[in-house]
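> Sharing a structure below in structure tokens format, with a few things to ask.
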Amino acid sequence: MVVLRAHMCPGLELQLVRDLREADISTVEELVSADLEALAQKCSVSYKALLAIRRVLLAQHTAFPVSGADLYEDLLSSTAILSTGHPRLDELLDSGLYTGELTELSGGPGTGKTQVCFGVAVHIALHLKQGVIFIDTTGGITATRLHQMLQTESSSLEEQIAALQRIHVFQLFDVFSLLDCLCSLRRSGLQPVAVGGACVRAVIIDSVSAVISPLLGTRHTEGMSLMMQVAALLKALVKDFSVAALVTNHVTRSVGGAVRPALGVSWSHLPRTRLLLEGPDRSTHSFSSLRSATLIKSSRQPCHMRVEFDLSWWSRSKEVPSAKRKHS
Amino acid sequence: MQRPVWSLPLSSAVISKLNRRGYQCTADIEHLTTGVKEEEASEVLDLVDHQRYPVSITALELLQREAELKPIVTFCSELDRALGGGIPLGKTIELCGVPGIGKTQLCLQLAVDVQIPECFGGLGAQCLFIDTEGTFFLERLREMAAAVVRHCSLLTEDQEQQDAMRTFTVEKILSNLFVRCDDSMELLSQISDLPAFLSDHPEVRLIIIDSIAFPFRLHFEDLPLRTRLLLGAAHQLAALATTRNTTVVMTNQMTTRVQGEGSRLIPALGENWGHAANIRLLLQWIDCKRMATIIKSSIFSVSIILSVLLPVHT
């Protein structure tokens, strides 16, 4: 519903807008579907002028159809697969995060979602030398940890500093700031105000459920609408700019005791790929860094594929090729 | 793509007024001239103002900021070592444990330690202690304060430290800020008031809530409502901690989960609450020794289990 305004297109003067409003035409949709001859008589303006205005407005506001072949060519040239940096996770994700798509990581507290997000950000900034936007809604981002991970991957200080400059962090704590942030990123074409020059390839949000879950479950449906607005903006962002998005989500327990991702069924349609992280095994008193990841939604791999991975991969020392757990 | 008007943080009265006038999305409001009262109009226009982008910082700047923040020492050397020097500033920390294991003791110790003057390596800051259970023991705090003052006076070397010791006394430490909340409503409103409180008291760098579980476990039949309220409160605390570089320490109780044939102790307040804090420390008795495990943290990749000797100062 776009409201008619003066100077929206050549020929649409202020007086004409007022005349149209008096004739009950206040939006573009109403003008385009109105009977132009009758309207021309009522507003005492020429039929040709109205026709020209309608043509321009239609061109401005309609979606342009694209042929399937062109779309395929476009996709082949613009899609990239970004490795997560952890070989086991790459196995599960069919080589990594795909641009133009959203991947979701869900898991209980302490299962390693934030660590995986850090690992992905570090890998993309250091090895792929691309920019990363990290939206933190929990206050959990610690640059010290990012630096530790960088030190594991590279021993050159310049490379570490360059990688740190490619990771742009937004710390937001409510859904309206998140919407503002996504809108402004979209409007600015994903070029955050920073020195760096690296093109942004990934957007990581940790976690999206922290800002949305407090709004859901009440009698009012605003929470649901705000959630879907976030979903729509994210989808538009990944598609328009060919970036990969990684979001983290909480889990809830269903009646039978089974664990499933939070935010409900409506949200579940947004991510193309969903991973559920579990672990560690708490039955004994020892706590390990092993976790398991199960694929619960994917269009490329069989679902319910499961891998075990070690969180200490990102703290491995260079001399020992296989990661060893340390118990004290 | 257009951003609809209802996704702006406006009251529903203003939103329905805008909708009735035909303004469905923010692009329409950019040219708003008539139809809405003055104050409301400027509020709306303010929100739509494109110049108010959220600001980002690079990870390098974040690292530099973090390097300037000193942690709060706990005087338990193993715990301090595991946490990288002490309790980090700007994070929310949850302490879970069975009754009697020492959660309140640790909180009292932190309340004293945050006040250690900067020339001794401390923060020289103040603490706000929110007590919901009534287990705040003034005598114990006095003992701990005396022990820390004694410890610092033994370390005094130069003039600056001697000057600091003149004001760093037990009385000064005891003039902490202290609040008692009796039920969940009082606690929630106290938490909502914290931003204004911290603006008035910029010296406060530590907020302790002992315990956050107690008011929510009594008389709360509506569990979904409880989860929503708790998550909202935790979120406000996380926002506060990050924006003001203040640490929030919350203590939690334990509950039993019955699984199959056995049962085990897990932290109270539910599954969702587990996501609330940035760092979770579980205190438990293992083989008659007091052990602390970091079960959730973004700073460490591996949960470290270590034995904790809470300092018994005499």
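Every chain in the structure tokens takes a letter, A first, then B, and so on in the order presented; its residues are numbered from 1, and the ligands are numbered from 1 following the presented order.
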Could you write out as a list in words the residues of chain B within 6 Å of chain A, counting only C-alpha atoms?
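Filtering chain B at 6 Å from chain A with only C-alpha atoms gives Pro54, Ser56, Ile57, Thr58, Ala59, Leu60, Leu62, Leu63, Arg228, Gly232, Ala238, Ala239, Thr242, Gly274, His275, Asn278, Lys296, Ile299, Ser301, Val302 and Ser303 of chain B.
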> Apply DSSP to the backbone of this structure and, from segment 117-219 of chain B, keep only the residues in strand (DSSP E or B); write these as a count of residues only.
17
> Hey, can you check how far atom CA of Cys119 of chain B sits from atom CA of Glu160 of chain B?
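So the answer is 7.0 Å.
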> What does the structure give for the distance between atom CA of Val120 of chain A and atom CA of Ile93 of chain B, in Å to one decimal?
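According to the coordinates, atom CA of Val120 of chain A and atom CA of Ile93 of chain B are separated by 25.1 Å.
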